[in-house]
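Source file: protein09.cif (mmCIF, C-alpha atoms)
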data_structure
loop_
_atom_site.group_PDB
_atom_site.id
_atom_site.type_symbol
_atom_site.label_atom_id
_atom_site.label_comp_id
_atom_site.auth_asym_id
_atom_site.auth_seq_id
_atom_site.Cartn_x
_atom_site.Cartn_y
_atom_site.Cartn_z
ATOM 1 C CA MET E 1 -55.245 -6.211 -22.742
ATOM 2 C CA LYS E 2 -58.657 -5.914 -24.392
ATOM 3 C CA ILE E 3 -61.125 -8.709 -23.655
ATOM 4 C CA ASP E 4 -64.373 -9.097 -25.605
ATOM 5 C CA ILE E 5 -67.017 -11.548 -24.396
ATOM 6 C CA LEU E 6 -69.966 -12.776 -26.450
ATOM 7 C CA THR E 7 -72.741 -13.995 -24.161
ATOM 8 C CA LEU E 8 -76.493 -14.174 -23.677
ATOM 9 C CA PHE E 9 -76.056 -13.179 -20.027
ATOM 10 C CA PRO E 10 -73.878 -10.039 -19.848
ATOM 11 C CA GLU E 11 -74.985 -9.230 -16.301
ATOM 12 C CA MET E 12 -73.133 -12.304 -15.037
ATOM 13 C CA PHE E 13 -69.823 -10.709 -16.059
ATOM 14 C CA THR E 14 -70.527 -7.187 -14.870
ATOM 15 C CA ASN E 15 -71.463 -8.562 -11.443
ATOM 16 C CA VAL E 16 -68.379 -10.748 -11.050
ATOM 17 C CA LEU E 17 -65.460 -9.301 -13.003
ATOM 18 C CA ASN E 18 -65.889 -5.783 -11.652
ATOM 19 C CA GLN E 19 -65.007 -7.008 -8.155
ATOM 20 C CA SER E 20 -61.714 -7.446 -6.295
ATOM 21 C CA ILE E 21 -58.372 -7.649 -8.133
ATOM 22 C CA ILE E 22 -59.802 -7.960 -11.665
ATOM 23 C CA GLY E 23 -62.194 -5.090 -11.014
ATOM 24 C CA ARG E 24 -59.274 -2.907 -9.908
ATOM 25 C CA ALA E 25 -57.336 -3.815 -13.059
ATOM 26 C CA ILE E 26 -60.324 -2.778 -15.184
ATOM 27 C CA LYS E 27 -60.697 0.469 -13.229
ATOM 28 C CA ASN E 28 -56.981 1.226 -13.705
ATOM 29 C CA GLY E 29 -57.177 0.589 -17.444
ATOM 30 C CA ILE E 30 -54.855 -2.428 -17.432
ATOM 31 C CA ILE E 31 -57.708 -4.547 -18.758
ATOM 32 C CA LYS E 32 -60.438 -3.281 -21.065
ATOM 33 C CA LEU E 33 -63.584 -5.408 -20.836
ATOM 34 C CA ASN E 34 -66.282 -5.366 -23.505
ATOM 35 C CA VAL E 35 -69.293 -7.608 -22.855
ATOM 36 C CA ILE E 36 -71.576 -8.155 -25.838
ATOM 37 C CA ASP E 37 -75.083 -9.598 -25.721
ATOM 38 C CA PHE E 38 -75.106 -11.310 -29.096
ATOM 39 C CA ARG E 39 -78.889 -11.615 -28.955
ATOM 40 C CA GLU E 40 -78.879 -7.940 -29.915
ATOM 41 C CA TYR E 41 -77.352 -8.925 -33.266
ATOM 42 C CA SER E 42 -80.113 -11.383 -34.161
ATOM 43 C CA SER E 43 -81.929 -10.495 -37.395
ATOM 44 C CA ASP E 44 -84.999 -12.411 -36.219
ATOM 45 C CA LYS E 45 -87.894 -10.151 -35.232
ATOM 46 C CA HIS E 46 -88.206 -12.055 -31.956
ATOM 47 C CA LYS E 47 -84.420 -11.912 -31.378
ATOM 48 C CA ARG E 48 -84.161 -15.675 -31.606
ATOM 49 C CA VAL E 49 -80.605 -17.055 -31.449
ATOM 50 C CA ASP E 50 -81.092 -20.838 -31.487
ATOM 51 C CA ASP E 51 -82.698 -23.540 -33.602
ATOM 52 C CA TYR E 52 -83.137 -27.309 -33.797
ATOM 53 C CA PRO E 53 -80.086 -29.361 -34.842
ATOM 54 C CA TYR E 54 -79.932 -30.842 -38.329
ATOM 55 C CA GLY E 55 -80.110 -34.623 -38.173
ATOM 56 C CA GLY E 56 -82.346 -34.580 -35.128
ATOM 57 C CA GLY E 57 -81.503 -34.995 -31.492
ATOM 58 C CA SER E 58 -82.364 -33.281 -28.242
ATOM 59 C CA GLY E 59 -81.642 -29.689 -27.374
ATOM 60 C CA MET E 60 -81.035 -26.556 -29.412
ATOM 61 C CA VAL E 61 -77.993 -25.140 -31.195
ATOM 62 C CA LEU E 62 -76.894 -21.497 -31.276
ATOM 63 C CA MET E 63 -77.208 -20.091 -34.795
ATOM 64 C CA ASN E 64 -74.505 -18.634 -37.028
ATOM 65 C CA GLN E 65 -75.965 -15.236 -37.887
ATOM 66 C CA PRO E 66 -76.036 -13.495 -34.475
ATOM 67 C CA ILE E 67 -72.568 -14.693 -33.469
ATOM 68 C CA PHE E 68 -71.022 -14.027 -36.906
ATOM 69 C CA ASP E 69 -72.387 -10.479 -36.907
ATOM 70 C CA ALA E 70 -71.311 -9.853 -33.322
ATOM 71 C CA LEU E 71 -67.771 -10.994 -34.133
ATOM 72 C CA LYS E 72 -67.699 -8.849 -37.268
ATOM 73 C CA SER E 73 -68.598 -5.839 -35.115
ATOM 74 C CA ILE E 74 -65.401 -6.408 -33.116
ATOM 75 C CA THR E 75 -62.951 -7.204 -35.890
ATOM 76 C CA LYS E 76 -62.766 -7.747 -39.602
ATOM 77 C CA GLU E 77 -59.234 -9.116 -39.263
ATOM 78 C CA LYS E 78 -59.593 -12.269 -37.211
ATOM 79 C CA LYS E 79 -55.876 -13.096 -37.459
ATOM 80 C CA LYS E 80 -55.118 -10.378 -34.900
ATOM 81 C CA TYR E 81 -57.172 -12.058 -32.197
ATOM 82 C CA LYS E 82 -57.269 -15.162 -30.086
ATOM 83 C CA ILE E 83 -60.911 -16.233 -30.348
ATOM 84 C CA ILE E 84 -61.706 -18.743 -27.635
ATOM 85 C CA TYR E 85 -64.689 -21.047 -27.352
ATOM 86 C CA LEU E 86 -65.205 -22.750 -23.993
ATOM 87 C CA THR E 87 -66.329 -26.341 -24.551
ATOM 88 C CA PRO E 88 -65.923 -29.750 -22.875
ATOM 89 C CA LYS E 89 -64.380 -30.883 -26.176
ATOM 90 C CA GLY E 90 -61.532 -28.392 -25.854
ATOM 91 C CA LYS E 91 -57.971 -28.741 -24.658
ATOM 92 C CA THR E 92 -57.803 -28.798 -20.852
ATOM 93 C CA PHE E 93 -56.866 -25.404 -19.457
ATOM 94 C CA ASN E 94 -53.730 -25.138 -17.312
ATOM 95 C CA GLN E 95 -51.264 -22.574 -15.967
ATOM 96 C CA GLU E 96 -49.053 -22.828 -19.037
ATOM 97 C CA MET E 97 -51.989 -21.859 -21.250
ATOM 98 C CA ALA E 98 -52.899 -19.024 -18.881
ATOM 99 C CA LEU E 99 -49.366 -17.623 -19.101
ATOM 100 C CA SER E 100 -49.385 -17.838 -22.898
ATOM 101 C CA LEU E 101 -52.766 -16.082 -23.187
ATOM 102 C CA SER E 102 -51.661 -13.355 -20.758
ATOM 103 C CA LYS E 103 -49.165 -12.179 -23.385
ATOM 104 C CA GLU E 104 -51.873 -11.520 -25.990
ATOM 105 C CA GLU E 105 -53.165 -8.012 -26.679
ATOM 106 C CA ASN E 106 -56.697 -9.076 -27.603
ATOM 107 C CA LEU E 107 -58.832 -11.994 -26.445
ATOM 108 C CA ILE E 108 -62.364 -12.819 -27.560
ATOM 109 C CA PHE E 109 -64.496 -15.365 -25.702
ATOM 110 C CA ILE E 110 -67.625 -17.042 -27.062
ATOM 111 C CA CYS E 111 -69.984 -18.410 -24.399
ATOM 112 C CA GLY E 112 -72.050 -21.290 -25.682
ATOM 113 C CA HIS E 113 -75.364 -22.608 -24.382
ATOM 114 C CA TYR E 114 -77.763 -25.477 -24.978
ATOM 115 C CA GLU E 115 -76.049 -28.093 -27.189
ATOM 116 C CA GLY E 116 -73.378 -25.600 -28.222
ATOM 117 C CA ILE E 117 -72.785 -23.417 -31.272
ATOM 118 C CA ASP E 118 -72.997 -24.161 -34.998
ATOM 119 C CA GLN E 119 -69.759 -25.846 -36.099
ATOM 120 C CA ARG E 120 -69.277 -23.280 -38.853
ATOM 121 C CA ILE E 121 -68.645 -20.592 -36.217
ATOM 122 C CA ILE E 122 -65.835 -22.745 -34.851
ATOM 123 C CA ASP E 123 -64.438 -23.540 -38.299
ATOM 124 C CA TYR E 124 -64.410 -19.919 -39.451
ATOM 125 C CA TRP E 125 -63.660 -17.920 -36.296
ATOM 126 C CA VAL E 126 -62.373 -19.920 -33.360
ATOM 127 C CA THR E 127 -58.601 -20.207 -32.789
ATOM 128 C CA ASP E 128 -58.706 -22.087 -29.472
ATOM 129 C CA GLU E 129 -61.206 -24.513 -27.958
ATOM 130 C CA ILE E 130 -60.667 -24.746 -24.199
ATOM 131 C CA SER E 131 -62.144 -26.897 -21.441
ATOM 132 C CA ILE E 132 -61.750 -26.207 -17.720
ATOM 133 C CA GLY E 133 -62.307 -29.862 -16.788
ATOM 134 C CA ASP E 134 -63.979 -33.159 -17.516
ATOM 135 C CA TYR E 135 -67.532 -32.149 -16.682
ATOM 136 C CA VAL E 136 -70.404 -30.285 -18.321
ATOM 137 C CA LEU E 137 -71.884 -26.946 -17.221
ATOM 138 C CA THR E 138 -75.067 -25.213 -18.333
ATOM 139 C CA GLY E 139 -73.203 -22.537 -20.271
ATOM 140 C CA GLY E 140 -69.861 -21.004 -21.135
ATOM 141 C CA GLU E 141 -70.060 -18.016 -18.799
ATOM 142 C CA LEU E 142 -68.536 -19.585 -15.685
ATOM 143 C CA PRO E 143 -65.670 -21.294 -17.583
ATOM 144 C CA THR E 144 -64.951 -18.001 -19.341
ATOM 145 C CA MET E 145 -64.731 -16.214 -15.988
ATOM 146 C CA VAL E 146 -62.333 -18.883 -14.722
ATOM 147 C CA VAL E 147 -60.025 -18.466 -17.715
ATOM 148 C CA ILE E 148 -60.152 -14.657 -17.589
ATOM 149 C CA ASP E 149 -59.353 -14.642 -13.865
ATOM 150 C CA ALA E 150 -56.400 -17.017 -14.320
ATOM 151 C CA VAL E 151 -55.058 -15.046 -17.287
ATOM 152 C CA ALA E 152 -55.647 -11.519 -15.989
ATOM 153 C CA ARG E 153 -53.694 -11.974 -12.748
ATOM 154 C CA LEU E 154 -50.585 -12.803 -14.810
ATOM 155 C CA ILE E 155 -50.693 -9.487 -16.668
ATOM 156 C CA PRO E 156 -48.070 -7.030 -15.319
ATOM 157 C CA GLY E 157 -49.608 -4.518 -12.939
ATOM 158 C CA VAL E 158 -52.698 -6.543 -12.054
ATOM 159 C CA LEU E 159 -51.286 -7.964 -8.816
ATOM 160 C CA ASN E 160 -49.737 -5.617 -6.267
ATOM 161 C CA ASN E 161 -46.712 -7.887 -5.972
ATOM 162 C CA GLU E 162 -45.411 -8.692 -9.448
ATOM 163 C CA ASN E 163 -43.689 -11.852 -8.198
ATOM 164 C CA SER E 164 -46.487 -13.165 -5.980
ATOM 165 C CA PHE E 165 -47.854 -15.624 -8.529
ATOM 166 C CA LYS E 166 -44.446 -17.239 -9.050
ATOM 167 C CA ASP E 167 -44.683 -19.131 -5.757
ATOM 168 C CA GLU E 168 -48.190 -20.408 -6.450
ATOM 169 C CA SER E 169 -49.298 -23.907 -7.349
ATOM 170 C CA PHE E 170 -48.512 -24.959 -10.937
ATOM 171 C CA TYR E 171 -46.338 -21.921 -11.790
ATOM 172 C CA SER E 172 -43.202 -23.726 -10.605
ATOM 173 C CA GLY E 173 -44.573 -27.107 -11.582
ATOM 174 C CA LEU E 174 -45.319 -28.049 -7.965
ATOM 175 C CA LEU E 175 -48.305 -27.524 -5.699
ATOM 176 C CA GLU E 176 -47.881 -24.593 -3.350
ATOM 177 C CA TYR E 177 -46.590 -24.996 0.200
ATOM 178 C CA PRO E 178 -48.863 -24.258 3.244
ATOM 179 C CA HIS E 179 -49.324 -20.711 4.541
ATOM 180 C CA TYR E 180 -49.690 -19.474 8.129
ATOM 181 C CA THR E 181 -50.369 -16.128 9.795
ATOM 182 C CA ARG E 182 -50.876 -14.707 13.306
ATOM 183 C CA PRO E 183 -51.325 -15.909 15.987
ATOM 184 C CA ALA E 184 -48.443 -18.355 16.206
ATOM 185 C CA ASP E 185 -50.484 -20.542 18.548
ATOM 186 C CA TYR E 186 -54.221 -20.857 17.978
ATOM 187 C CA ASN E 187 -56.008 -23.175 20.427
ATOM 188 C CA GLY E 188 -52.907 -25.331 20.683
ATOM 189 C CA MET E 189 -52.386 -25.486 16.898
ATOM 190 C CA LYS E 190 -48.916 -24.057 16.346
ATOM 191 C CA VAL E 191 -47.138 -22.587 13.345
ATOM 192 C CA PRO E 192 -44.068 -24.671 12.346
ATOM 193 C CA LYS E 193 -41.056 -23.349 14.256
ATOM 194 C CA VAL E 194 -38.951 -22.907 11.131
ATOM 195 C CA LEU E 195 -41.311 -20.182 9.871
ATOM 196 C CA LEU E 196 -40.695 -18.205 13.080
ATOM 197 C CA SER E 197 -36.921 -18.634 12.958
ATOM 198 C CA GLY E 198 -36.091 -15.738 10.636
ATOM 199 C CA ASN E 199 -33.673 -18.044 8.811
ATOM 200 C CA HIS E 200 -34.686 -17.481 5.179
ATOM 201 C CA LYS E 201 -32.574 -20.340 3.842
ATOM 202 C CA LEU E 202 -34.212 -22.855 6.177
ATOM 203 C CA ILE E 203 -37.640 -21.407 5.388
ATOM 204 C CA GLU E 204 -37.043 -21.790 1.634
ATOM 205 C CA GLU E 205 -35.906 -25.371 2.127
ATOM 206 C CA TRP E 206 -38.989 -26.141 4.265
ATOM 207 C CA ARG E 207 -41.306 -24.631 1.657
ATOM 208 C CA LEU E 208 -39.660 -26.559 -1.171
ATOM 209 C CA LYS E 209 -39.923 -29.825 0.756
ATOM 210 C CA LYS E 210 -43.578 -29.181 1.612
ATOM 211 C CA SER E 211 -44.357 -28.344 -2.027
ATOM 212 C CA ILE E 212 -42.770 -31.570 -3.219
ATOM 213 C CA GLU E 213 -44.475 -33.532 -0.431
ATOM 214 C CA LEU E 214 -47.929 -32.182 -1.333
ATOM 215 C CA THR E 215 -47.338 -32.777 -5.028
ATOM 216 C CA ILE E 216 -46.303 -36.393 -4.470
ATOM 217 C CA LYS E 217 -49.391 -36.944 -2.311
ATOM 218 C CA ARG E 218 -51.992 -35.178 -4.454
ATOM 219 C CA ARG E 219 -50.590 -34.835 -7.980
ATOM 220 C CA PRO E 220 -47.784 -37.404 -8.489
ATOM 221 C CA ASP E 221 -48.233 -36.998 -12.244
ATOM 222 C CA LEU E 222 -46.587 -33.556 -11.981
ATOM 223 C CA ILE E 223 -43.326 -34.745 -10.423
ATOM 224 C CA GLU E 224 -41.746 -36.219 -13.547
ATOM 225 C CA LYS E 225 -42.656 -33.135 -15.578
ATOM 226 C CA PHE E 226 -41.184 -30.923 -12.853
ATOM 227 C CA LEU E 227 -37.846 -32.769 -12.910
ATOM 228 C CA LYS E 228 -37.624 -32.436 -16.697
ATOM 229 C CA ASN E 229 -37.898 -28.641 -16.569
ATOM 230 C CA ASN E 230 -34.883 -27.353 -18.497
ATOM 231 C CA LYS E 231 -34.551 -24.204 -16.371
ATOM 232 C CA PHE E 232 -32.981 -26.284 -13.584
ATOM 233 C CA THR E 233 -29.272 -27.045 -13.356
ATOM 234 C CA GLN E 234 -28.107 -30.619 -12.891
ATOM 235 C CA LYS E 235 -27.199 -29.787 -9.284
ATOM 236 C CA GLU E 236 -30.700 -28.480 -8.583
ATOM 237 C CA ARG E 237 -32.262 -31.515 -10.224
ATOM 238 C CA GLU E 238 -30.200 -33.845 -8.026
ATOM 239 C CA LYS E 239 -31.273 -31.872 -4.954
ATOM 240 C CA PHE E 240 -34.932 -32.307 -5.910
ATOM 241 C CA LYS E 241 -34.453 -36.019 -6.493
ATOM 242 C CA ASN E 242 -32.876 -36.435 -3.054
ATOM 243 C CA ILE E 243 -35.817 -34.664 -1.417
ATOM 244 C CA ILE E 244 -38.266 -36.846 -3.358
ATOM 245 C CA ASN E 245 -36.439 -40.039 -2.357
ATOM 246 C CA GLU E 246 -36.364 -38.938 1.297
ATOM 247 C CA ILE E 247 -40.108 -38.249 1.283
ATOM 248 C CA LEU E 248 -40.910 -41.557 -0.422
ATOM 249 C CA MET E 249 -38.759 -43.475 2.076
ATOM 250 C CA ASN E 250 -40.439 -41.800 5.048
ATOM 251 C CA ASN E 251 -43.873 -42.605 3.626
ATOM 252 C CA ASN E 252 -43.100 -46.331 3.288
#

Mind turning the file's structure into structure tokens?
Amino acid sequence: MKIDILTLFPEMFTNVLNQSIIGRAIKNGIIKLNVIDFREYSSDKHKRVDDYPYGGGSGMVLMNQPIFDALKSITKEKKKYKIIYLTPKGKTFNQEMALSLSKEENLIFICGHYEGIDQRIIDYWVTDEISIGDYVLTGGELPTMVVIDAVARLIPGVLNNENSFKDESFYSGLLEYPHYTRPADYNGMKVPKVLLSGNHKLIEEWRLKKSIELTIKRRPDLIEKFLKNNKFTQKEREKFKNIINEILMNNN
């Protein structure tokens, strides 16, 4: 996958995305990262990229010209690309969106600042407006990193274990079960016996129950969606319902 990022702060990406798992994927050529400082495309002699908003109001707005020209330097055929603008006004990002974006060959991210970017950039170029939550940050760099990290780890070859993300929170529709490692007893705090039993069937059942239990407690809104997943058989769905009812009864 090729990822292009338009930003005023390219060093933020080179410092973060070249580390750990994503950094290894870039080094191995699985991901190609191209960070563009769109200030370099400004036609203003002082390299200015922002101006006052029409109609008045506080703050500044990023101008069309530098971003238009930066995007034109990447592609003249915008239909081939997903061009993403991170904004609080966008659709809330989730695992389903991450999985969908991971199947794309080319992604372009526009990092806004100040009061945002000129609407005409969005109207002409942007295919997806995405938000990472109901809050406001100082710029689009951190949200862009969040989306790239979530998407990149779903690309084949990025993780050492191809199936490792399938057990994680949200992939299955449930929050992930607890994890434990050595020692089995740490200052009197013991690992659940079932995890030491070697009985894989019992372990799977324990993990499923814990996932459902955590989801009911922390994200009950996900339970109904989980049960409606059409990949489950009727028998599996009944099993899940029985576990849910048992947990709810024990909590009352």

(request) Would you translate the PyMOL selection byres ((chain E and resi 14-18) around 9) into the concrete set of residues it matches in this file, as a list of chain:residue names? (result) E:Pro10, E:Glu11, E:Met12, E:Phe13, E:Gln19, E:Ser20, E:Ile21, E:Ile22, E:Gly23, E:Arg24, E:Ala25, E:Ile26, E:Lys27, E:Leu33, E:Val35, E:Met145, E:Ile148, E:Asp149

(request) Expand the PyMOL selection byres ((chain E and resi 38-51) around 7) into the individual residues it matches in the shown file, reporting them as a VMD selection string. (result) chain E and resid 6 to 8 36 to 37 52 to 53 60 to 63 65 to 67 69 to 70

(request) Using the chain letters and numbering of this document, enumerate as a list in words the residues selected by the PyMOL selection byres ((chain E and resi 121) around 10). (result)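 This file, filtered by the PyMOL selection byres ((chain E and resi 121) around 10), leaves Leu62, Met63, Asn64, Gln65, Ile67, Phe68, Leu71, Tyr85, Ile110, Ile117, Asp118, Gln119, Arg120, Ile122, Asp123, Tyr124, Trp125 and Val126 of chain E.
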
Write the residues of the selection above to a file with C-alpha atoms, as a compact mmCIF listing (two decimals), in the coordinates of the input.
# COMPACT_ATOMS: atom_id res chain seq x y z
CA LEU E 62 -76.89 -21.50 -31.28
CA MET E 63 -77.21 -20.09 -34.80
CA ASN E 64 -74.50 -18.63 -37.03
CA GLN E 65 -75.96 -15.24 -37.89
CA ILE E 67 -72.57 -14.69 -33.47
CA PHE E 68 -71.02 -14.03 -36.91
CA LEU E 71 -67.77 -10.99 -34.13
CA TYR E 85 -64.69 -21.05 -27.35
CA ILE E 110 -67.62 -17.04 -27.06
CA ILE E 117 -72.78 -23.42 -31.27
CA ASP E 118 -73.00 -24.16 -35.00
CA GLN E 119 -69.76 -25.85 -36.10
CA ARG E 120 -69.28 -23.28 -38.85
CA ILE E 122 -65.83 -22.74 -34.85
CA ASP E 123 -64.44 -23.54 -38.30
CA TYR E 124 -64.41 -19.92 -39.45
CA TRP E 125 -63.66 -17.92 -36.30
CA VAL E 126 -62.37 -19.92 -33.36

(request) Please provide the set of residues having any atom within 10 Å of region 239-249 of chain E, restricted to only C-alpha atoms, with same-chain residues fewer than 3 positions apart removed, written as a list of chain:residue names. (result)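 With the cut-off at 10 Å, the set is E:Glu205, E:Leu208, E:Lys209, E:Lys210, E:Ile212, E:Glu213, E:Ile216, E:Lys217, E:Ile223, E:Phe226, E:Leu227, E:Phe232, E:Thr233, E:Gln234, E:Lys235, E:Glu236, E:Asn252.
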
(request) Work out how far apart CA of Gly157 (chain E) and CA of Ser172 (chain E) are and give it in Å to one decimal. (result) 20.4 Å

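Reported to one decimal place, the separation of CA of Leu214 (chain E) from CA of Asn250 (chain E) is 13.8 Å.
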
Sorted by chain and rising residue number, which residues of region 188-223 of chain E lie within 6 Å of region 174-180 of chain E, and what are their closest atom pairs and distances in Å to one decimal, counting all atoms listed in the file, as a Markdown table?
| residue | atom | partner | partner_atom | distance |
| --- | --- | --- | --- | --- |
| E:Arg207 | CA | E:Tyr177 | CA | 5.5 |
| E:Lys210 | CA | E:Tyr177 | CA | 5.3 |
| E:Ser211 | CA | E:Tyr177 | CA | 4.6 |
| E:Thr215 | CA | E:Leu175 | CA | 5.4 |
